[in-house]
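Undergrad: mmCIF, C-alpha atoms, saved as input07.cif, coming up:
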```cif
data_query
loop_
_atom_site.label_atom_id
_atom_site.label_comp_id
_atom_site.auth_asym_id
_atom_site.auth_seq_id
_atom_site.Cartn_x
_atom_site.Cartn_y
_atom_site.Cartn_z
CA LEU A 30 11.61 -3.59 15.92
CA GLY A 31 11.82 -0.46 18.00
CA SER A 32 8.95 1.41 16.32
CA GLY A 33 5.21 1.06 16.65
CA ILE A 34 2.90 2.88 14.22
CA ILE A 35 -0.80 3.61 14.67
CA LYS A 36 -2.91 5.13 11.91
CA GLY A 37 -6.09 7.00 12.59
CA PRO A 38 -8.69 8.15 12.99
CA ILE A 39 -9.96 6.45 9.85
CA VAL A 40 -13.64 6.94 9.09
CA ARG A 41 -15.47 3.71 8.41
CA ASP A 42 -19.13 2.80 8.05
CA GLN A 43 -20.02 1.16 11.35
CA GLY A 44 -23.78 0.92 10.89
CA PRO A 45 -25.43 -2.43 11.60
CA ARG A 46 -26.49 -4.52 8.64
CA LEU A 47 -29.96 -5.95 8.27
CA TRP A 48 -32.17 -7.55 5.64
CA ILE A 49 -34.91 -5.33 4.25
CA THR A 50 -37.62 -5.94 1.69
CA ASP A 51 -36.94 -4.81 -1.86
CA GLU A 52 -39.22 -5.78 -4.72
CA GLN A 53 -36.43 -5.31 -7.28
CA ALA A 54 -33.92 -7.49 -5.43
CA PRO A 55 -33.71 -11.26 -6.08
CA GLY A 56 -36.13 -12.98 -3.70
CA GLY A 57 -37.53 -9.65 -2.57
CA TRP A 58 -34.82 -9.05 0.05
CA LYS A 59 -31.49 -7.22 0.12
CA LEU A 60 -28.77 -6.63 2.69
CA ALA A 61 -28.58 -2.98 3.73
CA SER A 62 -26.65 -0.90 6.23
CA GLU A 63 -28.15 1.69 8.54
CA GLY A 64 -25.08 3.86 8.04
CA GLY A 65 -23.37 5.85 10.72
CA ALA A 66 -19.68 6.71 10.40
CA ALA A 67 -17.31 5.95 13.25
CA PRO A 68 -13.57 6.46 13.77
CA LYS A 69 -11.24 3.48 13.68
CA TYR A 70 -7.55 2.95 14.25
CA ARG A 71 -5.21 0.29 12.97
CA ARG A 72 -1.61 -0.82 13.31
CA VAL A 73 0.76 -0.12 10.42
CA ASN A 74 3.49 -2.61 9.61
CA PRO A 75 6.85 -0.76 9.94
CA TRP A 76 8.20 -2.75 6.99
CA HIS A 77 5.62 -0.99 4.77
CA PHE A 78 5.90 2.54 6.20
CA PHE A 79 8.20 5.13 4.60
CA PRO A 80 8.12 8.58 6.26
CA ASP A 81 9.97 11.70 5.18
CA PRO A 82 13.66 10.68 5.57
CA THR A 83 14.72 14.22 6.46
CA ALA A 84 12.29 14.57 9.39
CA GLU A 85 13.30 13.81 12.97
CA THR A 86 9.74 13.33 14.22
CA ILE A 87 6.47 12.32 12.59
CA GLU A 88 5.10 15.78 13.37
CA ASP A 89 7.82 17.32 11.18
CA ALA A 90 7.33 14.91 8.28
CA GLY A 91 6.22 16.62 5.09
CA PHE A 92 4.92 13.36 3.64
CA THR A 93 4.61 9.63 4.25
CA PHE A 94 4.24 6.61 2.00
CA GLU A 95 2.45 3.45 3.08
CA ARG A 96 2.67 0.29 0.99
CA HIS A 97 -0.31 -2.06 0.69
CA LEU A 98 0.02 -5.56 -0.79
CA PRO A 99 -3.54 -6.71 -1.51
CA ASN A 100 -4.51 -9.69 -3.63
CA LYS A 101 -7.40 -9.28 -6.09
CA LYS A 102 -10.03 -9.98 -3.45
CA ARG A 103 -8.61 -7.45 -1.00
CA LEU A 104 -8.01 -4.91 -3.79
CA ARG A 105 -11.67 -5.03 -4.80
CA GLN A 106 -12.65 -4.62 -1.14
CA MET A 107 -10.32 -1.60 -0.81
CA ALA A 108 -11.84 -0.12 -3.95
CA ARG A 109 -15.33 -0.29 -2.44
CA GLU A 110 -14.27 0.98 0.98
CA MET A 111 -12.05 3.80 -0.31
CA ASP A 112 -14.19 4.65 -3.37
CA PHE A 113 -11.38 4.20 -5.90
CA ASP A 114 -11.89 5.43 -9.45
CA LYS A 115 -13.89 2.68 -11.14
CA GLU A 116 -12.37 3.09 -14.61
CA ALA A 117 -8.83 2.96 -13.24
CA MET A 118 -9.71 -0.15 -11.23
CA ARG A 119 -11.17 -1.91 -14.29
CA LYS A 120 -8.01 -1.26 -16.28
CA LEU A 121 -5.81 -2.33 -13.39
CA LEU A 122 -7.64 -5.63 -12.92
CA THR A 123 -8.00 -6.50 -16.60
CA GLU A 124 -4.86 -5.12 -18.24
CA THR A 125 -2.25 -5.96 -15.61
CA THR A 126 -0.72 -9.25 -16.68
CA LYS A 127 2.13 -9.29 -14.17
CA HIS A 128 1.77 -7.79 -10.73
CA GLN A 129 4.55 -5.82 -9.14
CA GLY A 130 6.00 -8.70 -7.20
CA GLU A 131 9.52 -9.66 -6.28
CA GLY A 132 10.59 -9.50 -9.93
CA ALA A 133 9.70 -5.80 -10.12
CA ASP A 134 10.77 -4.74 -6.63
CA PRO A 135 13.69 -6.59 -5.02
CA ASN A 136 12.88 -4.87 -1.73
CA LEU A 137 9.94 -7.27 -1.35
CA SER A 138 12.08 -10.41 -1.41
CA TYR A 139 12.19 -10.28 2.39
CA LEU A 140 8.57 -11.48 2.45
CA SER A 141 9.63 -14.91 1.21
CA GLU A 142 12.45 -14.96 3.75
CA LEU A 143 10.05 -14.09 6.58
CA ARG A 144 7.64 -16.76 5.45
CA SER A 145 10.43 -19.33 5.50
CA MET A 146 11.64 -18.17 8.94
CA GLU A 147 8.13 -18.39 10.36
CA GLY A 148 7.66 -21.94 9.11
CA GLY A 149 5.41 -21.05 6.19
CA GLY A 150 7.53 -23.10 3.82
CA GLU A 151 7.77 -22.76 0.08
CA ILE A 152 4.80 -21.76 -2.06
CA GLY A 153 5.64 -24.38 -4.66
CA GLY A 154 7.23 -24.41 -8.10
CA ASP A 155 8.26 -21.04 -9.48
CA GLN A 156 5.49 -19.25 -7.60
CA ASN A 157 6.41 -16.75 -4.90
CA VAL A 158 4.53 -14.93 -2.20
CA MET A 159 4.01 -11.86 -4.43
CA ASP A 160 2.59 -13.60 -7.51
CA ASP A 161 -1.02 -12.74 -6.60
CA ARG A 162 -0.33 -9.35 -5.04
CA PHE A 163 -0.62 -5.76 -6.19
CA VAL A 164 1.61 -3.01 -4.80
CA VAL A 165 -0.69 -0.13 -3.90
CA TRP A 166 0.96 3.01 -2.56
CA GLU A 167 -0.76 5.50 -0.27
CA PHE A 168 0.82 8.96 -0.26
CA TYR A 169 -0.09 11.33 2.54
CA GLY A 170 1.40 14.80 2.68
CA GLN A 171 1.60 18.30 1.30
CA LEU A 172 1.28 19.13 -2.39
CA GLU A 173 1.12 22.45 -4.16
CA PRO A 174 -2.30 23.48 -5.54
CA ASP A 175 -1.10 23.13 -9.15
CA GLN A 176 0.10 19.58 -8.41
CA VAL A 177 -3.28 18.74 -6.91
CA ALA A 178 -4.98 20.22 -9.96
CA THR A 179 -2.91 17.97 -12.24
CA LEU A 180 -3.92 14.87 -10.33
CA ILE A 181 -7.58 15.84 -10.21
CA ARG A 182 -7.59 16.50 -13.94
CA ALA A 183 -6.19 12.98 -14.48
CA LEU A 184 -9.43 11.68 -12.96
CA GLY A 185 -11.55 13.76 -15.33
CA ARG A 186 -12.53 16.45 -12.79
CA ASN A 187 -11.56 19.40 -14.98
CA GLU A 188 -13.75 22.03 -13.29
CA ASP A 189 -12.28 21.26 -9.85
CA ALA A 190 -8.80 21.31 -11.35
CA ASP A 191 -9.37 24.76 -12.86
CA ARG A 192 -10.58 26.06 -9.51
CA TYR A 193 -7.45 24.83 -7.71
CA GLU A 194 -5.21 26.40 -10.35
CA GLU A 195 -7.00 29.74 -10.03
CA GLU A 196 -6.79 29.68 -6.24
CA ALA A 197 -3.16 28.50 -6.14
CA ASP A 198 -1.17 30.17 -3.37
CA PRO A 199 2.34 29.04 -2.34
CA LEU A 200 1.47 29.99 1.25
CA ASN A 201 -1.33 27.44 1.32
CA PRO A 202 -0.13 23.95 0.36
CA LEU A 203 -2.72 21.21 0.54
CA MET A 204 -2.57 18.08 2.71
CA VAL A 205 -3.82 15.32 0.43
CA ARG A 206 -4.04 11.55 0.37
CA VAL A 207 -3.31 9.78 -2.92
CA PHE A 208 -3.64 6.10 -3.83
CA PHE A 209 -1.89 4.71 -6.89
CA CYS A 210 -0.78 1.35 -8.28
CA ASP A 211 1.76 0.92 -11.06
CA ASP A 212 1.18 4.04 -13.19
CA ARG A 213 -2.53 4.34 -12.41
CA LEU A 214 -4.04 6.97 -10.14
CA LEU A 215 -6.78 5.32 -8.06
CA LYS A 216 -7.91 8.17 -5.83
CA ILE A 217 -7.00 11.58 -4.48
CA GLU A 218 -8.53 13.16 -1.38
CA GLU A 219 -7.77 16.86 -1.65
CA ASP A 220 -9.67 17.72 1.55
CA HIS A 221 -7.66 17.04 4.69
CA ILE A 222 -9.16 14.33 6.87
CA LEU A 223 -8.33 16.15 10.13
CA ASP A 224 -9.30 19.78 10.62
CA SER A 225 -6.30 20.21 12.91
CA GLY A 226 -3.89 19.43 10.07
CA GLU A 227 -2.12 16.76 12.11
CA SER A 228 -0.72 13.59 10.63
CA LEU A 229 -2.81 10.44 10.48
CA TYR A 230 0.16 8.46 11.77
CA SER A 231 1.46 8.24 15.32
CA VAL A 232 4.87 6.67 15.97
CA VAL A 233 5.94 5.34 19.35
CA ALA A 234 9.39 4.04 20.28
CA PHE A 235 10.97 2.03 23.08
CA GLU A 236 14.01 4.29 22.81
CA LYS A 237 13.79 7.32 20.50
CA ALA A 238 16.43 7.89 17.86
CA GLU A 239 18.11 11.28 17.69
CA SER A 240 17.80 12.07 14.00
CA SER A 241 15.26 9.78 12.30
CA ILE A 242 11.68 8.65 12.78
CA LEU A 243 12.17 4.89 12.54
CA GLY A 244 15.75 4.64 13.82
CA CYS A 245 14.53 3.47 17.21
CA ALA A 246 16.10 0.91 19.54
CA GLY A 247 13.94 -2.15 20.13
CA VAL A 248 13.71 -4.56 23.04
CA PRO A 249 16.49 -6.91 21.79
CA ARG A 250 18.98 -4.04 21.62
CA LEU A 251 17.91 -2.55 24.95
CA MET A 252 18.17 -5.97 26.62
CA ARG A 253 21.43 -7.07 24.99
CA HIS A 254 23.54 -6.77 28.18
CA GLU A 255 20.97 -8.64 30.29
CA GLN A 256 20.76 -11.26 27.54
CA ALA A 257 24.55 -11.73 27.61
CA MET A 258 24.42 -12.15 31.42
CA LEU A 259 21.62 -14.69 31.10
CA ASN A 260 23.55 -16.61 28.44
CA ALA A 261 26.66 -16.74 30.66
CA ALA A 262 24.60 -17.88 33.65
CA VAL A 263 22.94 -20.65 31.66
CA ARG A 264 26.29 -21.82 30.26
CA MET A 265 27.72 -21.93 33.79
CA MET A 266 24.69 -23.88 35.04
CA MET A 267 24.97 -26.39 32.20
CA ASP A 268 28.72 -26.83 32.71
CA ASN A 269 28.21 -27.46 36.41
CA ALA A 270 25.35 -29.84 35.68
CA SER A 271 27.52 -31.93 33.38
CA LEU A 272 29.92 -32.48 36.29
CA SER A 273 27.26 -33.32 38.83
CA VAL A 274 24.76 -35.56 37.01
CA GLY A 275 26.95 -38.69 37.17
CA PRO A 276 28.09 -40.53 40.32
CA GLN A 277 31.63 -39.88 41.60
CA ILE A 278 33.69 -42.68 43.20
CA VAL A 279 36.38 -41.65 45.73
CA VAL A 280 39.50 -43.88 45.76
CA ASP A 281 42.90 -43.99 47.41
CA LYS A 282 45.25 -42.20 45.00
CA GLU A 283 48.23 -44.28 46.15
CA ARG A 284 46.60 -47.59 45.27
CA ILE A 285 44.25 -46.95 42.27
CA MET A 286 44.76 -44.76 39.22
CA PRO A 287 42.03 -42.83 37.34
CA GLU A 288 40.49 -44.80 34.53
CA ASN A 289 41.57 -42.22 31.94
CA GLY A 290 44.89 -41.47 33.63
CA ALA A 291 44.01 -37.81 34.32
CA TRP A 292 43.41 -36.40 37.81
CA LYS A 293 40.56 -34.10 36.68
CA LEU A 294 36.89 -34.13 37.55
CA THR A 295 34.68 -35.14 34.63
CA ALA A 296 31.17 -36.48 34.24
CA ARG A 297 30.67 -40.15 35.25
CA LYS A 298 34.36 -40.62 35.94
CA VAL A 299 35.69 -43.70 37.72
#
```
Here is a file; write its structure as structure tokens.
TA:
Amino acid sequence: LGSGIIKGPIVRDQGPRLWITDEQAPGGWKLASEGGAAPKYRRVNPWHFFPDPTAETIEDAGFTFERHLPNKKRLRQMAREMDFDKEAMRKLLTETTKHQGEGADPNLSYLSELRSMEGGGEIGGDQNVMDDRFVVWEFYGQLEPDQVATLIRALGRNEDADRYEEEADPLNPLMVRVFFCDDRLLKIEEDHILDSGESLYSVVAFEKAESSILGCAGVPRLMRHEQAMLNAAVRMMMDNASLSVGPQIVVDKERIMPENGAWKLTARKV
């Protein structure tokens, strides 16, 4: 792949954890964190990154979508870390009988193909790699104040929604981050993470495309001519080796004929 994607800074609790005494905790001890936020960065899988298709650079992108595929354990961890709406999470975990796997989204069938190519083998039976996965989407981009108010009201924050509707101004769109799964809104961050207004995503390329963000040329394409030269050189070396590995016996052509009747040099010919 010709694109590399880094996301950040992401604020995470980096405080050290330690055991402290607590009379109400079982055994009189509980695990606590000293707090202290710190910025972190992480790599984004290009197969799960969908930027604005009309933008030529990530700086021009009006929005991005990032797809997360957590299982139940990872989804609960994300809910704690990202402070998802608890009621929406309860309904998602208890009422969802079939996750959005390959049956719901054929674009995810490549995961099984990758697993097979990498030697992961089959899962077994009718089960596939997406059977225990949820498809959580993270939207990051500009929304109008009335759109933000609608989303906030869906989480029960009516007073905040009214304020955004009253202060709506088409000259001041809001950069927000929204998490949702299936038809359930999990979280909306209406306050931009970066004061500068820049995107959380940075995209690097081996060779930049002219008109799209992810249409970059990767190492295999950039090295295709050198690869063809290497292939030809190896073929030539192997062909020459096949002629030279066996012993050759020189004879008088007027007295002895080649064993196969052909006057051509071949491997182990007598």
Undergrad: Under the PyMOL selection byres ((chain A and resi 33) around 10), which residues of this model are included? Write them out as a VMD selection string.
TA: chain A and resid 30 to 32 34 to 35 72 to 75 231 to 235 243 245 247
Undergrad: To test your reading of the syntax: which residues would the PyMOL selection byres ((chain A and resi 190) around 12) return for the file shown? Reply as a ChimeraX atom specification.
TA: /A:174-189,191-197,219
Undergrad: Pick from A:Phe163, A:Arg253, A:Asp268, A:Lys59: nearest to A:Arg105, with all atoms listed in the file counted?
TA: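 Smallest distance to A:Arg105 is found for A:Phe163.
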Undergrad: What are the centre and edge lengths in Å, to one decimal, of the axis-aligned box around all listed atoms of stretch 234-252 of chain A with 5 Å added on each side, as JSON?
TA:
```
{"center_x": 14.2, "center_y": 2.6, "center_z": 19.5, "size_x": 19.6, "size_y": 29.0, "size_z": 24.3}
```
Undergrad: Name the residues that the PyMOL selection byres ((chain A and resi 114-126) around 12) pulls out of this structure, and write them as an MDAnalysis selection string.
TA: chainID A and resid 100:102 104:113 127:130 160:165 181 183:186 207:218
Undergrad: So, with all atoms listed in the file as the atoms that count, which of A:Ser145, A:Thr93, A:Ser138, A:Asn289 lies closest to A:Met204?
TA: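 Ranking A:Ser145, A:Thr93, A:Ser138, A:Asn289 by distance to A:Met204, first place goes to A:Thr93.
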Undergrad: What is the distance between atom CA of A:Glu227 and atom CA of A:Ala84, in Å to one decimal?
TA: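 Atom-to-atom, atom CA of A:Glu227 to atom CA of A:Ala84, that is 14.8 Å.
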Undergrad: Could you check which of A:Leu294, A:Ala257, A:Ile39, A:Val205 is closest to A:Leu272, using only C-alpha atoms?
TA: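 When distances to A:Leu272 are compared using only C-alpha atoms, the smallest one comes from A:Leu294.
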Undergrad: Using Å and a single decimal, report how far atom CA of A:Ser240 sits from atom CA of A:Leu203.
TA: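 About the pair atom CA of A:Leu203 and atom CA of A:Ser240: they are 26.2 Å apart.
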Undergrad: Just the residues within 9 Å of A:Pro276, please, counting only C-alpha atoms, with nothing from its chain fewer than 2 positions along; format it as a ChimeraX atom specification.
TA: /A:273-274,278,296-299
Undergrad: Output stretch 271-297 of chain A as a PDB file, in the coordinates of the input, making sure N, CA, C and O atoms are there.
TA:
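part.pdb was written with the following content:
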```
ATOM      1  N   SER A 271      26.851 -30.799  34.018  1.00  0.00           N
ATOM      2  CA  SER A 271      27.520 -31.930  33.380  1.00  0.00           C
ATOM      3  C   SER A 271      28.498 -32.621  34.328  1.00  0.00           C
ATOM      4  O   SER A 271      28.805 -33.798  34.160  1.00  0.00           O
ATOM      5  N   LEU A 272      28.998 -31.881  35.321  1.00  0.00           N
ATOM      6  CA  LEU A 272      29.920 -32.480  36.290  1.00  0.00           C
ATOM      7  C   LEU A 272      29.194 -33.173  37.440  1.00  0.00           C
ATOM      8  O   LEU A 272      29.777 -33.986  38.140  1.00  0.00           O
ATOM      9  N   SER A 273      27.950 -32.825  37.639  1.00  0.00           N
ATOM     10  CA  SER A 273      27.260 -33.320  38.830  1.00  0.00           C
ATOM     11  C   SER A 273      26.197 -34.376  38.549  1.00  0.00           C
ATOM     12  O   SER A 273      25.706 -35.010  39.477  1.00  0.00           O
ATOM     13  N   VAL A 274      25.841 -34.607  37.270  1.00  0.00           N
ATOM     14  CA  VAL A 274      24.760 -35.560  37.010  1.00  0.00           C
ATOM     15  C   VAL A 274      25.191 -36.998  37.219  1.00  0.00           C
ATOM     16  O   VAL A 274      24.375 -37.871  37.538  1.00  0.00           O
ATOM     17  N   GLY A 275      26.486 -37.307  37.009  1.00  0.00           N
ATOM     18  CA  GLY A 275      26.950 -38.690  37.170  1.00  0.00           C
ATOM     19  C   GLY A 275      27.515 -38.944  38.561  1.00  0.00           C
ATOM     20  O   GLY A 275      27.959 -38.019  39.241  1.00  0.00           O
ATOM     21  N   PRO A 276      27.531 -40.204  38.996  1.00  0.00           N
ATOM     22  CA  PRO A 276      28.090 -40.530  40.320  1.00  0.00           C
ATOM     23  C   PRO A 276      29.612 -40.406  40.318  1.00  0.00           C
ATOM     24  O   PRO A 276      30.268 -40.654  39.308  1.00  0.00           O
ATOM     25  N   GLN A 277      30.186 -39.975  41.427  1.00  0.00           N
ATOM     26  CA  GLN A 277      31.630 -39.880  41.600  1.00  0.00           C
ATOM     27  C   GLN A 277      32.071 -40.934  42.634  1.00  0.00           C
ATOM     28  O   GLN A 277      31.447 -41.099  43.683  1.00  0.00           O
ATOM     29  N   ILE A 278      33.166 -41.639  42.308  1.00  0.00           N
ATOM     30  CA  ILE A 278      33.690 -42.680  43.200  1.00  0.00           C
ATOM     31  C   ILE A 278      35.027 -42.197  43.738  1.00  0.00           C
ATOM     32  O   ILE A 278      35.954 -41.900  42.990  1.00  0.00           O
ATOM     33  N   VAL A 279      35.159 -42.111  45.075  1.00  0.00           N
ATOM     34  CA  VAL A 279      36.380 -41.650  45.730  1.00  0.00           C
ATOM     35  C   VAL A 279      37.278 -42.859  45.995  1.00  0.00           C
ATOM     36  O   VAL A 279      36.826 -43.879  46.534  1.00  0.00           O
ATOM     37  N   VAL A 280      38.560 -42.749  45.598  1.00  0.00           N
ATOM     38  CA  VAL A 280      39.500 -43.880  45.760  1.00  0.00           C
ATOM     39  C   VAL A 280      40.782 -43.391  46.405  1.00  0.00           C
ATOM     40  O   VAL A 280      41.038 -42.185  46.476  1.00  0.00           O
ATOM     41  N   ASP A 281      41.587 -44.298  46.836  1.00  0.00           N
ATOM     42  CA  ASP A 281      42.900 -43.990  47.410  1.00  0.00           C
ATOM     43  C   ASP A 281      43.862 -43.751  46.256  1.00  0.00           C
ATOM     44  O   ASP A 281      44.148 -44.664  45.458  1.00  0.00           O
ATOM     45  N   LYS A 282      44.407 -42.559  46.123  1.00  0.00           N
ATOM     46  CA  LYS A 282      45.250 -42.200  45.000  1.00  0.00           C
ATOM     47  C   LYS A 282      46.556 -43.006  44.959  1.00  0.00           C
ATOM     48  O   LYS A 282      47.159 -43.143  43.897  1.00  0.00           O
ATOM     49  N   GLU A 283      46.977 -43.531  46.128  1.00  0.00           N
ATOM     50  CA  GLU A 283      48.230 -44.280  46.150  1.00  0.00           C
ATOM     51  C   GLU A 283      48.049 -45.715  45.699  1.00  0.00           C
ATOM     52  O   GLU A 283      49.019 -46.405  45.406  1.00  0.00           O
ATOM     53  N   ARG A 284      46.840 -46.199  45.625  1.00  0.00           N
ATOM     54  CA  ARG A 284      46.600 -47.590  45.270  1.00  0.00           C
ATOM     55  C   ARG A 284      45.927 -47.752  43.907  1.00  0.00           C
ATOM     56  O   ARG A 284      46.157 -48.748  43.227  1.00  0.00           O
ATOM     57  N   ILE A 285      45.012 -46.808  43.517  1.00  0.00           N
ATOM     58  CA  ILE A 285      44.250 -46.950  42.270  1.00  0.00           C
ATOM     59  C   ILE A 285      44.434 -45.691  41.432  1.00  0.00           C
ATOM     60  O   ILE A 285      44.416 -44.573  41.945  1.00  0.00           O
ATOM     61  N   MET A 286      44.589 -45.880  40.152  1.00  0.00           N
ATOM     62  CA  MET A 286      44.760 -44.760  39.220  1.00  0.00           C
ATOM     63  C   MET A 286      43.430 -44.429  38.543  1.00  0.00           C
ATOM     64  O   MET A 286      42.561 -45.296  38.422  1.00  0.00           O
ATOM     65  N   PRO A 287      43.242 -43.166  38.087  1.00  0.00           N
ATOM     66  CA  PRO A 287      42.030 -42.830  37.340  1.00  0.00           C
ATOM     67  C   PRO A 287      41.923 -43.669  36.063  1.00  0.00           C
ATOM     68  O   PRO A 287      42.936 -44.040  35.460  1.00  0.00           O
ATOM     69  N   GLU A 288      40.720 -43.953  35.687  1.00  0.00           N
ATOM     70  CA  GLU A 288      40.490 -44.800  34.530  1.00  0.00           C
ATOM     71  C   GLU A 288      41.101 -44.221  33.262  1.00  0.00           C
ATOM     72  O   GLU A 288      41.624 -44.955  32.418  1.00  0.00           O
ATOM     73  N   ASN A 289      41.026 -42.859  33.133  1.00  0.00           N
ATOM     74  CA  ASN A 289      41.570 -42.220  31.940  1.00  0.00           C
ATOM     75  C   ASN A 289      42.971 -41.659  32.166  1.00  0.00           C
ATOM     76  O   ASN A 289      43.517 -40.974  31.312  1.00  0.00           O
ATOM     77  N   GLY A 290      43.537 -41.899  33.343  1.00  0.00           N
ATOM     78  CA  GLY A 290      44.890 -41.470  33.630  1.00  0.00           C
ATOM     79  C   GLY A 290      45.040 -39.998  33.948  1.00  0.00           C
ATOM     80  O   GLY A 290      46.165 -39.524  34.131  1.00  0.00           O
ATOM     81  N   ALA A 291      43.947 -39.250  34.034  1.00  0.00           N
ATOM     82  CA  ALA A 291      44.010 -37.810  34.320  1.00  0.00           C
ATOM     83  C   ALA A 291      43.311 -37.543  35.635  1.00  0.00           C
ATOM     84  O   ALA A 291      42.185 -38.004  35.866  1.00  0.00           O
ATOM     85  N   TRP A 292      43.999 -36.727  36.502  1.00  0.00           N
ATOM     86  CA  TRP A 292      43.410 -36.400  37.810  1.00  0.00           C
ATOM     87  C   TRP A 292      42.544 -35.130  37.687  1.00  0.00           C
ATOM     88  O   TRP A 292      42.794 -34.120  38.295  1.00  0.00           O
ATOM     89  N   LYS A 293      41.519 -35.204  36.842  1.00  0.00           N
ATOM     90  CA  LYS A 293      40.560 -34.100  36.680  1.00  0.00           C
ATOM     91  C   LYS A 293      39.141 -34.619  36.822  1.00  0.00           C
ATOM     92  O   LYS A 293      38.875 -35.766  36.478  1.00  0.00           O
ATOM     93  N   LEU A 294      38.296 -33.746  37.332  1.00  0.00           N
ATOM     94  CA  LEU A 294      36.890 -34.130  37.550  1.00  0.00           C
ATOM     95  C   LEU A 294      36.121 -34.029  36.252  1.00  0.00           C
ATOM     96  O   LEU A 294      36.111 -32.993  35.591  1.00  0.00           O
ATOM     97  N   THR A 295      35.514 -35.126  35.824  1.00  0.00           N
ATOM     98  CA  THR A 295      34.680 -35.140  34.630  1.00  0.00           C
ATOM     99  C   THR A 295      33.405 -35.907  34.913  1.00  0.00           C
ATOM    100  O   THR A 295      33.300 -36.597  35.937  1.00  0.00           O
ATOM    101  N   ALA A 296      32.461 -35.809  34.028  1.00  0.00           N
ATOM    102  CA  ALA A 296      31.170 -36.480  34.240  1.00  0.00           C
ATOM    103  C   ALA A 296      31.346 -37.990  34.205  1.00  0.00           C
ATOM    104  O   ALA A 296      32.041 -38.541  33.331  1.00  0.00           O
ATOM    105  N   ARG A 297      30.711 -38.692  35.159  1.00  0.00           N
ATOM    106  CA  ARG A 297      30.670 -40.150  35.250  1.00  0.00           C
ATOM    107  C   ARG A 297      32.091 -40.775  35.247  1.00  0.00           C
ATOM    108  O   ARG A 297      32.344 -41.810  34.657  1.00  0.00           O
TER     109      ARG A 297
END
```
